[in-house]
Amino acid sequence: MFAGKQVSAFTLLGLYILTIPFFNGINVTTYDNSQILGHFGASTTVFTYSIYIPIFAMLAFMPLGLKLGKQIPVRTMILSASFLSILFNTAALFAPTIEWFTFFRALLAVVSVIGIFASMVPILLKYNPVFNMALLYGILQFIQKGSQHVYQYLGAHFTSFYNWTFGIYFLNINFLVCIILAWYFYRADVAPMKGKFQFDWRGWGIMILFFTVMLFLCAEGQSRNWFNDSKIGLAFAFLFVLAGIYLLHVRFTEDPIIDPEVYRYKNVVIGAFLMFYIGIMNGTGSVITGYMTNVLGFDSVTGAETHLALLIGLCIAIPLSTYLLYKRIYLATIWIMGFAFYGLYHIILFFRFYPGIDASDFFLPLIFKGLGMGFLFPVSLLYISEGVPPKLSSSRMMSGIIAQAVFAGLLGSAVLSTFIWGLNIQHKTGLSQQLTQVNQMAQKQLNNSKRNFLYMGFSEAEAEKKAEKSLSNKTAKASILLAYKDIYLVMTAVCFLPIIIILLFKLWRRPIGRVELEPIPI
């Protein structure tokens, strides 16, 4: 009996390992963007599209991928997904232009969706009757969130050996391991969840158009200064038109991708908003990454290594939050802990944005962010799925994905970048106005810099010009620090506000309810 349990645990571990490379198909090169940009010599706008297109392709393919994942025999599907991933990943290495590189990366993202669903089917069928749903969600979230940062670090580390292509080779080795594991663990080639294939092709087309408009807004909204550009205004108007067309479409469709019936469940509406809210809080991570690279001059390995601190928080929080959910602790307790840790993450960084900030200063706040993620993400996925019937699985899944990934994660980050840029300009203008002869400290720094340049052999005019430029650079760095401090102070209030509301209105003083849907932890 003990040996049987060992075999079962070994099988479960192998099945979980199979999911990891597919979760990280486009994570490996996250920190290598500058090398890829230099390799292809594309413009910033074109390269921005090349980053966004694979993500939107993956999100758009999910409804169809979920359907196909139930129709095709599991062993065939996982082997095909692994082989195609190697093929598309390798093709990206030999892409002659950024357009072809983006095309193959988008195909890799699409195949990754199939790989995720294929590798999760045996886990659902073999262990779902045994595992509590909270445990299943917690384990999958731990694998996804944890492996993301490990793969980003490994990708940056392998890249530092030679160039960005080493990250691609590393991923190919992972997919080869998937093929070997699939041959070992998938004894029978069957489609156990197969049913009558029925798909909302027209609704899918409308959703793809919707995502195409969102892609345009994310990629070009900031460069076009949002509503100051007529095309941006037209794009937003087109979003409302597409939403209206889709609502008309569902009246004549039996099984739409997003069925409005799902919003009759109060937890889906509230859960989608909470996932949007959490996505907004989590989106400030892009600020840290940009600050490390563009202002502090961290190389890709240092940036990725610093973010491994998130993994410490995740390793503590996800098992703990999963245990609390399993023991039927009140939802309010877990929500409060998650929002509190996100608040601590933002307030600590607010006080640490100062000249001379070092990599070690990010360690503690990133641990707190990992703790916040670990407490909020599993409970969010469980809460939005609570009591929803299986026939509305796709509707619930896409509602959460659009709220968190599209509106909060992608569009929200683009808007945040614009907002930070505006604050930076305001602070820089304000600081520049103080650089007058009345400001003795500024004048002293200017004279000292000028004296140093004169000592180096520059002429009077050249020394004056270089001294002014040096002072201007210091002003620019101070202004971006002030802009980040403003953002993180506001985000601190945003994080602690839900705690006040939960306590004031006595919300969620109950354990998690019944969850019957398959866990899609994306």
# chains A, B, ... in the order shown; residues from 1 in each chain; ligands from 1
call {"tool": "residues_around", "arguments": {"residues": "Ile78 of chain A", "least_positions_apart": "6", "cutoff": "9 Å", "atoms": "only C-alpha atoms", "output": "list in words"}}
result
Ile114, Gly115, Ile116, Phe117, Ala118, Ser119, Cys178, Ile179 and Ala182 of chain A
call {"tool": "select_by_dssp", "arguments": {"residues": "segment 254-503 of chain A", "states": "helix (DSSP H, G or I)", "output": "PyMOL selection string"}}
result
chain A and resi 260-264+266-282+285-295+300-306+309-326+331-352+359-385+390-433+440-455+460-503
call {"tool": "closest_residue", "arguments": {"among": "A:Ile278, A:Ile86, A:Ile245, A:Leu124", "to": "Phe170 of chain A", "atoms": "only C-alpha atoms"}}
result
A:Ile86
call {"tool": "atom_distance", "arguments": {"atom1": "atom CA of Ile357 of chain A", "atom2": "atom CA of Gly412 of chain A"}}
result
26.4 Å
call {"tool": "closest_residue", "arguments": {"among": "A:Gly290, A:Gly372, A:Pro256, A:Gly400", "to": "Leu274 of chain A", "atoms": "only C-alpha atoms"}}
result
A:Gly400
call {"tool": "residues_around", "arguments": {"residues": "segment 393-399 of chain A", "least_positions_apart": "6", "cutoff": "12 Å", "atoms": "only C-alpha atoms", "output": "ChimeraX atom specification"}}
result
/A:59-67,199-200,203-204,207,250,255-276,380-387,405-407,515-522
call {"tool": "write_last_selection", "arguments": {"atoms": "C-alpha atoms", "output": "compact mmCIF listing (two decimals), in the first residue's frame"}}
result
# COMPACT_ATOMS: atom_id res chain seq x y z
CA LEU A 59 -5.65 34.81 -24.88
CA ALA A 60 -7.76 34.75 -28.05
CA PHE A 61 -7.10 31.06 -28.67
CA MET A 62 -8.11 29.93 -25.17
CA PRO A 63 -11.83 29.27 -25.84
CA LEU A 64 -11.03 27.15 -28.90
CA GLY A 65 -8.09 25.52 -27.14
CA LEU A 66 -10.35 24.47 -24.28
CA LYS A 67 -12.77 22.84 -26.74
CA PHE A 199 -18.12 26.10 -30.95
CA ASP A 200 -19.23 29.70 -31.26
CA GLY A 203 -18.61 35.01 -31.32
CA TRP A 204 -14.96 34.01 -31.50
CA MET A 207 -13.78 38.51 -29.70
CA VAL A 250 -25.64 35.95 -28.10
CA ASP A 255 -23.58 28.20 -26.57
CA PRO A 256 -21.70 31.53 -26.80
CA ILE A 257 -18.09 31.94 -25.64
CA ILE A 258 -19.21 34.43 -22.98
CA ASP A 259 -22.81 33.78 -22.04
CA PRO A 260 -24.40 36.80 -20.24
CA GLU A 261 -26.19 34.22 -18.08
CA VAL A 262 -22.94 33.83 -16.13
CA TYR A 263 -23.39 37.34 -14.73
CA ARG A 264 -26.54 36.22 -12.93
CA TYR A 265 -24.09 34.77 -10.42
CA LYS A 266 -23.11 37.59 -8.10
CA ASN A 267 -19.69 36.11 -7.37
CA VAL A 268 -18.78 36.22 -11.09
CA VAL A 269 -19.49 39.96 -11.30
CA ILE A 270 -17.74 40.74 -8.02
CA GLY A 271 -14.96 38.25 -8.80
CA ALA A 272 -14.28 39.79 -12.22
CA PHE A 273 -14.02 43.22 -10.60
CA LEU A 274 -11.70 41.86 -7.91
CA MET A 275 -9.51 40.22 -10.54
CA PHE A 276 -9.35 43.56 -12.36
CA SER A 380 -9.75 34.87 -6.73
CA LEU A 381 -9.91 31.91 -9.12
CA LEU A 382 -11.92 29.87 -6.65
CA TYR A 383 -14.31 32.69 -5.77
CA ILE A 384 -15.18 33.59 -9.37
CA SER A 385 -15.83 29.87 -10.05
CA GLU A 386 -17.97 29.31 -6.95
CA GLY A 387 -21.36 27.79 -7.73
CA ALA A 405 -5.11 40.16 -18.12
CA VAL A 406 -6.51 42.43 -20.85
CA PHE A 407 -8.03 45.45 -19.09
CA VAL A 515 -16.55 24.71 -7.07
CA GLU A 516 -17.22 22.29 -9.93
CA LEU A 517 -15.34 23.91 -12.82
CA GLU A 518 -12.01 22.75 -14.18
CA PRO A 519 -9.24 25.00 -12.85
CA ILE A 520 -7.64 27.08 -15.61
CA PRO A 521 -4.93 28.96 -13.65
CA ILE A 522 -3.94 31.48 -16.35
call {"tool": "residues_around", "arguments": {"residues": "Lys506 of chain A", "least_positions_apart": "2", "cutoff": "12 Å", "atoms": "only C-alpha atoms", "output": "MDAnalysis selection string"}}
result
chainID A and resid 330:333 336 498:504 508:510
call {"tool": "write_last_selection", "arguments": {"atoms": "N, CA, C and O atoms", "output": "mmCIF file, in the first residue's frame"}}
result
data_model
loop_
_atom_site.group_PDB
_atom_site.id
_atom_site.type_symbol
_atom_site.label_atom_id
_atom_site.label_comp_id
_atom_site.auth_asym_id
_atom_site.auth_seq_id
_atom_site.Cartn_x
_atom_site.Cartn_y
_atom_site.Cartn_z
ATOM 1 N N TYR A 330 -12.529 31.706 6.864
ATOM 2 C CA TYR A 330 -13.321 32.743 6.213
ATOM 3 C C TYR A 330 -12.557 33.383 5.059
ATOM 4 O O TYR A 330 -11.351 33.658 5.164
ATOM 5 N N LEU A 331 -13.280 33.640 3.971
ATOM 6 C CA LEU A 331 -12.678 34.309 2.817
ATOM 7 C C LEU A 331 -12.127 35.680 3.191
ATOM 8 O O LEU A 331 -11.095 36.104 2.668
ATOM 9 N N ALA A 332 -12.834 36.392 4.082
ATOM 10 C CA ALA A 332 -12.405 37.738 4.475
ATOM 11 C C ALA A 332 -10.987 37.734 5.038
ATOM 12 O O ALA A 332 -10.196 38.648 4.780
ATOM 13 N N THR A 333 -10.652 36.694 5.794
ATOM 14 C CA THR A 333 -9.307 36.605 6.389
ATOM 15 C C THR A 333 -8.236 36.548 5.307
ATOM 16 O O THR A 333 -7.209 37.239 5.392
ATOM 17 N N ILE A 336 -8.035 39.939 3.311
ATOM 18 C CA ILE A 336 -7.374 40.987 4.096
ATOM 19 C C ILE A 336 -5.862 40.777 4.112
ATOM 20 O O ILE A 336 -5.083 41.727 3.936
ATOM 21 N N PRO A 498 -9.665 48.170 0.157
ATOM 22 C CA PRO A 498 -10.547 46.999 0.284
ATOM 23 C C PRO A 498 -10.596 46.419 1.696
ATOM 24 O O PRO A 498 -11.636 45.881 2.106
ATOM 25 N N ILE A 499 -9.505 46.528 2.444
ATOM 26 C CA ILE A 499 -9.498 46.010 3.817
ATOM 27 C C ILE A 499 -10.505 46.773 4.661
ATOM 28 O O ILE A 499 -11.279 46.183 5.434
ATOM 29 N N ILE A 500 -10.522 48.103 4.504
ATOM 30 C CA ILE A 500 -11.472 48.939 5.254
ATOM 31 C C ILE A 500 -12.908 48.573 4.874
ATOM 32 O O ILE A 500 -13.783 48.449 5.739
ATOM 33 N N ILE A 501 -13.152 48.372 3.566
ATOM 34 C CA ILE A 501 -14.502 48.034 3.097
ATOM 35 C C ILE A 501 -14.939 46.669 3.627
ATOM 36 O O ILE A 501 -16.078 46.496 4.078
ATOM 37 N N ILE A 502 -14.023 45.686 3.587
ATOM 38 C CA ILE A 502 -14.350 44.333 4.068
ATOM 39 C C ILE A 502 -14.703 44.362 5.552
ATOM 40 O O ILE A 502 -15.685 43.742 5.985
ATOM 41 N N LEU A 503 -13.916 45.106 6.341
ATOM 42 C CA LEU A 503 -14.165 45.176 7.784
ATOM 43 C C LEU A 503 -15.415 46.000 8.095
ATOM 44 O O LEU A 503 -16.207 45.642 8.973
ATOM 45 N N LEU A 504 -15.599 47.086 7.363
ATOM 46 C CA LEU A 504 -16.713 47.995 7.640
ATOM 47 C C LEU A 504 -18.059 47.348 7.318
ATOM 48 O O LEU A 504 -19.026 47.463 8.093
ATOM 49 N N TRP A 508 -17.783 38.643 3.290
ATOM 50 C CA TRP A 508 -17.113 37.343 3.129
ATOM 51 C C TRP A 508 -16.753 36.663 4.444
ATOM 52 O O TRP A 508 -15.699 36.051 4.573
ATOM 53 N N ARG A 509 -17.648 36.777 5.401
ATOM 54 C CA ARG A 509 -17.430 36.060 6.669
ATOM 55 C C ARG A 509 -17.992 34.637 6.538
ATOM 56 O O ARG A 509 -18.930 34.235 7.236
ATOM 57 N N ARG A 510 -17.410 33.914 5.598
ATOM 58 C CA ARG A 510 -17.817 32.536 5.319
ATOM 59 C C ARG A 510 -16.685 31.840 4.578
ATOM 60 O O ARG A 510 -15.823 32.496 3.974
#
call {"tool": "residues_around", "arguments": {"residues": "segment 216-232 of chain A", "least_positions_apart": "4", "cutoff": "10 Å", "atoms": "only C-alpha atoms", "output": "count of residues only"}}
result
28
call {"tool": "closest_residue", "arguments": {"among": "A:Leu84, A:Leu125, A:Ile72, A:Ile208", "to": "Asp189 of chain A", "atoms": "only C-alpha atoms"}}
result
A:Ile72
call {"tool": "residues_around", "arguments": {"residues": "Thr19 of chain A", "least_positions_apart": "2", "cutoff": "8 Å", "atoms": "only C-alpha atoms", "output": "list of chain:residue names"}}
result
A:Leu15, A:Tyr16, A:Ile17, A:Pro21, A:Phe22, A:Phe23, A:Gly115, A:Ile116, A:Ser119, A:Met120
call {"tool": "residues_around", "arguments": {"residues": "Lys145 of chain A", "least_positions_apart": "2", "cutoff": "12 Å", "atoms": "only C-alpha atoms", "output": "short mmCIF file (atom, residue, chain, number, x, y, z; two decimals) with all heavy atoms, in the first residue's frame"}}
result
data_model
loop_
_atom_site.label_atom_id
_atom_site.label_comp_id
_atom_site.auth_asym_id
_atom_site.auth_seq_id
_atom_site.Cartn_x
_atom_site.Cartn_y
_atom_site.Cartn_z
N ILE A 20 4.75 22.66 -16.85
CA ILE A 20 5.60 23.84 -16.62
C ILE A 20 6.13 24.49 -17.90
O ILE A 20 6.01 25.71 -18.06
CB ILE A 20 6.76 23.46 -15.66
CG1 ILE A 20 6.20 23.10 -14.28
CG2 ILE A 20 7.76 24.61 -15.54
CD1 ILE A 20 7.24 22.62 -13.29
N PHE A 23 3.48 26.60 -19.62
CA PHE A 23 3.17 27.84 -18.91
C PHE A 23 4.20 28.93 -19.22
O PHE A 23 3.91 30.12 -19.07
CB PHE A 23 3.15 27.60 -17.40
CG PHE A 23 1.84 27.08 -16.88
CD1 PHE A 23 1.80 25.95 -16.09
CD2 PHE A 23 0.65 27.71 -17.18
CE1 PHE A 23 0.60 25.46 -15.60
CE2 PHE A 23 -0.55 27.23 -16.70
CZ PHE A 23 -0.58 26.10 -15.91
N ASN A 24 5.40 28.54 -19.62
CA ASN A 24 6.50 29.49 -19.74
C ASN A 24 7.05 29.63 -21.15
O ASN A 24 8.19 30.03 -21.34
CB ASN A 24 7.64 29.07 -18.78
CG ASN A 24 7.21 29.16 -17.34
OD1 ASN A 24 7.20 30.23 -16.75
ND2 ASN A 24 6.85 28.03 -16.74
N ASN A 27 7.82 33.19 -21.54
CA ASN A 27 8.43 33.85 -20.38
C ASN A 27 9.95 33.87 -20.43
O ASN A 27 10.58 34.74 -19.84
CB ASN A 27 8.02 33.13 -19.08
CG ASN A 27 6.62 33.52 -18.64
OD1 ASN A 27 6.11 34.57 -19.02
ND2 ASN A 27 6.00 32.67 -17.84
N TYR A 137 -6.37 24.01 -7.05
CA TYR A 137 -6.11 25.37 -7.51
C TYR A 137 -4.79 25.89 -6.94
O TYR A 137 -4.01 26.55 -7.63
CB TYR A 137 -7.25 26.30 -7.08
CG TYR A 137 -8.35 26.42 -8.09
CD1 TYR A 137 -9.17 25.34 -8.39
CD2 TYR A 137 -8.60 27.62 -8.74
CE1 TYR A 137 -10.19 25.44 -9.30
CE2 TYR A 137 -9.62 27.74 -9.66
CZ TYR A 137 -10.42 26.64 -9.93
OH TYR A 137 -11.43 26.76 -10.85
N GLY A 138 -4.55 25.61 -5.65
CA GLY A 138 -3.33 26.10 -5.01
C GLY A 138 -2.07 25.53 -5.64
O GLY A 138 -1.11 26.25 -5.89
N ILE A 139 -2.09 24.22 -5.92
CA ILE A 139 -0.91 23.58 -6.53
C ILE A 139 -0.65 24.15 -7.93
O ILE A 139 0.49 24.47 -8.28
CB ILE A 139 -1.10 22.05 -6.59
CG1 ILE A 139 -1.08 21.47 -5.18
CG2 ILE A 139 0.00 21.40 -7.42
CD1 ILE A 139 -1.47 20.00 -5.11
N LEU A 140 -1.71 24.28 -8.74
CA LEU A 140 -1.54 24.80 -10.09
C LEU A 140 -1.07 26.25 -10.08
O LEU A 140 -0.25 26.66 -10.90
CB LEU A 140 -2.84 24.66 -10.88
CG LEU A 140 -3.21 23.22 -11.27
CD1 LEU A 140 -4.63 23.15 -11.79
CD2 LEU A 140 -2.24 22.68 -12.30
N GLN A 141 -1.59 27.05 -9.15
CA GLN A 141 -1.12 28.44 -9.03
C GLN A 141 0.33 28.49 -8.60
O GLN A 141 1.11 29.32 -9.07
CB GLN A 141 -1.99 29.20 -8.02
CG GLN A 141 -3.24 29.79 -8.62
CD GLN A 141 -2.93 30.91 -9.59
OE1 GLN A 141 -2.41 31.96 -9.22
NE2 GLN A 141 -3.23 30.70 -10.86
N PHE A 142 0.71 27.60 -7.68
CA PHE A 142 2.10 27.56 -7.22
C PHE A 142 3.04 27.22 -8.37
O PHE A 142 4.10 27.83 -8.52
CB PHE A 142 2.23 26.51 -6.11
CG PHE A 142 3.61 26.41 -5.53
CD1 PHE A 142 4.08 27.37 -4.65
CD2 PHE A 142 4.45 25.37 -5.88
CE1 PHE A 142 5.36 27.29 -4.13
CE2 PHE A 142 5.73 25.27 -5.36
CZ PHE A 142 6.18 26.24 -4.48
N ILE A 143 2.62 26.25 -9.20
CA ILE A 143 3.45 25.86 -10.34
C ILE A 143 3.55 27.01 -11.34
O ILE A 143 4.64 27.35 -11.81
CB ILE A 143 2.87 24.61 -11.02
CG1 ILE A 143 3.08 23.39 -10.11
CG2 ILE A 143 3.52 24.35 -12.37
CD1 ILE A 143 2.38 22.15 -10.60
N SER A 147 7.06 28.94 -11.29
CA SER A 147 7.92 28.62 -12.44
C SER A 147 8.15 29.84 -13.32
O SER A 147 9.18 29.94 -13.98
CB SER A 147 7.29 27.49 -13.26
OG SER A 147 6.07 27.90 -13.85
N GLN A 148 7.19 30.76 -13.35
CA GLN A 148 7.34 31.96 -14.18
C GLN A 148 8.62 32.72 -13.84
O GLN A 148 9.41 33.06 -14.73
CB GLN A 148 6.14 32.89 -13.97
CG GLN A 148 6.27 34.24 -14.65
CD GLN A 148 5.12 35.17 -14.27
OE1 GLN A 148 4.10 34.73 -13.77
NE2 GLN A 148 5.30 36.45 -14.51
N HIS A 149 8.86 32.94 -12.56
CA HIS A 149 10.04 33.72 -12.17
C HIS A 149 11.33 32.91 -12.29
O HIS A 149 12.38 33.45 -12.60
CB HIS A 149 9.85 34.24 -10.74
CG HIS A 149 8.65 35.12 -10.59
ND1 HIS A 149 8.58 36.38 -11.14
CD2 HIS A 149 7.45 34.91 -10.00
CE1 HIS A 149 7.40 36.91 -10.88
NE2 HIS A 149 6.70 36.04 -10.19
N VAL A 150 11.23 31.60 -12.05
CA VAL A 150 12.41 30.75 -12.23
C VAL A 150 12.82 30.72 -13.70
O VAL A 150 14.00 30.86 -14.03
CB VAL A 150 12.12 29.32 -11.72
CG1 VAL A 150 13.27 28.39 -12.09
CG2 VAL A 150 11.91 29.32 -10.21
N TYR A 151 11.84 30.58 -14.59
CA TYR A 151 12.14 30.52 -16.02
C TYR A 151 12.66 31.86 -16.54
O TYR A 151 13.54 31.91 -17.41
CB TYR A 151 10.91 30.09 -16.82
CG TYR A 151 10.85 28.60 -17.04
CD1 TYR A 151 10.64 27.73 -15.96
CD2 TYR A 151 11.02 28.05 -18.29
CE1 TYR A 151 10.60 26.36 -16.14
CE2 TYR A 151 10.97 26.67 -18.49
CZ TYR A 151 10.76 25.84 -17.41
OH TYR A 151 10.73 24.47 -17.59
N GLN A 152 12.13 32.94 -16.03
CA GLN A 152 12.63 34.26 -16.44
C GLN A 152 14.09 34.43 -16.01
O GLN A 152 14.91 34.97 -16.76
CB GLN A 152 11.75 35.36 -15.84
CG GLN A 152 10.39 35.47 -16.51
CD GLN A 152 9.47 36.45 -15.83
OE1 GLN A 152 9.73 36.88 -14.71
NE2 GLN A 152 8.38 36.79 -16.49
N LEU A 308 13.56 37.12 -8.04
CA LEU A 308 13.40 35.81 -7.41
C LEU A 308 12.90 35.93 -5.98
O LEU A 308 12.40 34.95 -5.40
CB LEU A 308 14.72 35.04 -7.44
CG LEU A 308 15.15 34.44 -8.78
CD1 LEU A 308 16.49 33.75 -8.66
CD2 LEU A 308 14.10 33.45 -9.30
N LEU A 310 10.33 37.34 -5.16
CA LEU A 310 8.89 37.04 -5.25
C LEU A 310 8.62 35.57 -4.95
O LEU A 310 7.60 35.22 -4.34
CB LEU A 310 8.37 37.36 -6.65
CG LEU A 310 8.15 38.84 -7.01
CD1 LEU A 310 8.02 38.98 -8.52
CD2 LEU A 310 6.92 39.37 -6.32
N LEU A 311 9.55 34.72 -5.39
CA LEU A 311 9.37 33.28 -5.22
C LEU A 311 9.34 32.89 -3.75
O LEU A 311 8.63 31.97 -3.35
CB LEU A 311 10.50 32.54 -5.95
CG LEU A 311 10.34 31.03 -6.14
CD1 LEU A 311 9.09 30.73 -6.94
CD2 LEU A 311 11.56 30.46 -6.86
N ILE A 312 10.10 33.61 -2.93
CA ILE A 312 10.10 33.33 -1.48
C ILE A 312 8.71 33.58 -0.91
O ILE A 312 8.16 32.77 -0.15
CB ILE A 312 11.15 34.20 -0.77
CG1 ILE A 312 12.56 33.88 -1.30
CG2 ILE A 312 11.08 34.01 0.74
CD1 ILE A 312 13.65 34.79 -0.75
N GLY A 313 8.13 34.73 -1.28
CA GLY A 313 6.78 35.04 -0.81
C GLY A 313 5.75 34.04 -1.30
O GLY A 313 4.86 33.62 -0.55
N LEU A 314 5.88 33.63 -2.56
CA LEU A 314 4.94 32.66 -3.13
C LEU A 314 5.05 31.31 -2.43
O LEU A 314 4.04 30.65 -2.18
CB LEU A 314 5.21 32.48 -4.63
CG LEU A 314 4.83 33.66 -5.53
CD1 LEU A 314 5.40 33.45 -6.93
CD2 LEU A 314 3.32 33.82 -5.60
N CYS A 315 6.28 30.89 -2.12
CA CYS A 315 6.49 29.60 -1.46
C CYS A 315 5.88 29.58 -0.06
O CYS A 315 5.54 28.52 0.47
CB CYS A 315 7.98 29.29 -1.38
SG CYS A 315 8.73 28.85 -2.96
N ALA A 317 3.18 31.87 0.88
CA ALA A 317 1.77 32.27 0.87
C ALA A 317 0.85 31.25 0.20
O ALA A 317 -0.25 30.99 0.71
CB ALA A 317 1.63 33.63 0.18
N ILE A 318 1.26 30.70 -0.95
CA ILE A 318 0.33 29.80 -1.66
C ILE A 318 0.04 28.53 -0.85
O ILE A 318 -1.14 28.16 -0.69
CB ILE A 318 0.86 29.47 -3.06
CG1 ILE A 318 0.77 30.71 -3.96
CG2 ILE A 318 0.05 28.32 -3.68
CD1 ILE A 318 1.16 30.48 -5.40
N GLY A 370 5.16 38.93 -3.32
CA GLY A 370 4.94 37.50 -3.51
C GLY A 370 3.93 36.94 -2.52
O GLY A 370 3.09 36.10 -2.87
N LEU A 371 3.97 37.43 -1.28
CA LEU A 371 2.98 37.01 -0.28
C LEU A 371 1.58 37.46 -0.70
O LEU A 371 0.61 36.70 -0.57
CB LEU A 371 3.34 37.60 1.09
CG LEU A 371 4.57 37.00 1.78
CD1 LEU A 371 4.99 37.87 2.96
CD2 LEU A 371 4.28 35.58 2.25
N MET A 373 0.50 38.07 -3.77
CA MET A 373 0.08 37.24 -4.91
C MET A 373 -0.39 35.86 -4.43
O MET A 373 -1.41 35.34 -4.89
CB MET A 373 1.24 37.08 -5.89
CG MET A 373 1.63 38.36 -6.61
SD MET A 373 3.18 38.19 -7.53
CE MET A 373 2.69 36.99 -8.79
N GLY A 374 0.35 35.27 -3.52
CA GLY A 374 0.04 33.93 -3.05
C GLY A 374 -1.29 33.85 -2.32
O GLY A 374 -1.97 32.82 -2.37
N PHE A 377 -4.36 35.35 -5.52
CA PHE A 377 -4.64 34.70 -6.81
C PHE A 377 -5.43 33.39 -6.67
O PHE A 377 -6.42 33.21 -7.38
CB PHE A 377 -3.35 34.49 -7.59
CG PHE A 377 -2.92 35.72 -8.35
CD1 PHE A 377 -2.04 36.62 -7.80
CD2 PHE A 377 -3.41 35.98 -9.62
CE1 PHE A 377 -1.64 37.76 -8.48
CE2 PHE A 377 -3.02 37.11 -10.31
CZ PHE A 377 -2.14 38.01 -9.75
N PRO A 378 -5.04 32.45 -5.80
CA PRO A 378 -5.85 31.22 -5.70
C PRO A 378 -7.28 31.48 -5.25
O PRO A 378 -8.22 30.91 -5.80
CB PRO A 378 -5.08 30.39 -4.65
CG PRO A 378 -3.68 30.91 -4.70
CD PRO A 378 -3.82 32.37 -4.97
N PRO A 521 -5.65 27.98 -14.47
CA PRO A 521 -4.93 28.96 -13.65
C PRO A 521 -4.10 29.95 -14.47
O PRO A 521 -2.91 30.09 -14.27
CB PRO A 521 -4.04 28.08 -12.78
CG PRO A 521 -3.71 26.94 -13.70
CD PRO A 521 -4.90 26.74 -14.60
N ILE A 522 -4.70 30.60 -15.46
CA ILE A 522 -3.94 31.48 -16.35
C ILE A 522 -4.36 32.92 -16.08
O ILE A 522 -5.56 33.20 -16.14
CB ILE A 522 -4.18 31.12 -17.82
CG1 ILE A 522 -3.75 29.68 -18.07
CG2 ILE A 522 -3.42 32.05 -18.74
CD1 ILE A 522 -4.13 29.16 -19.43
#
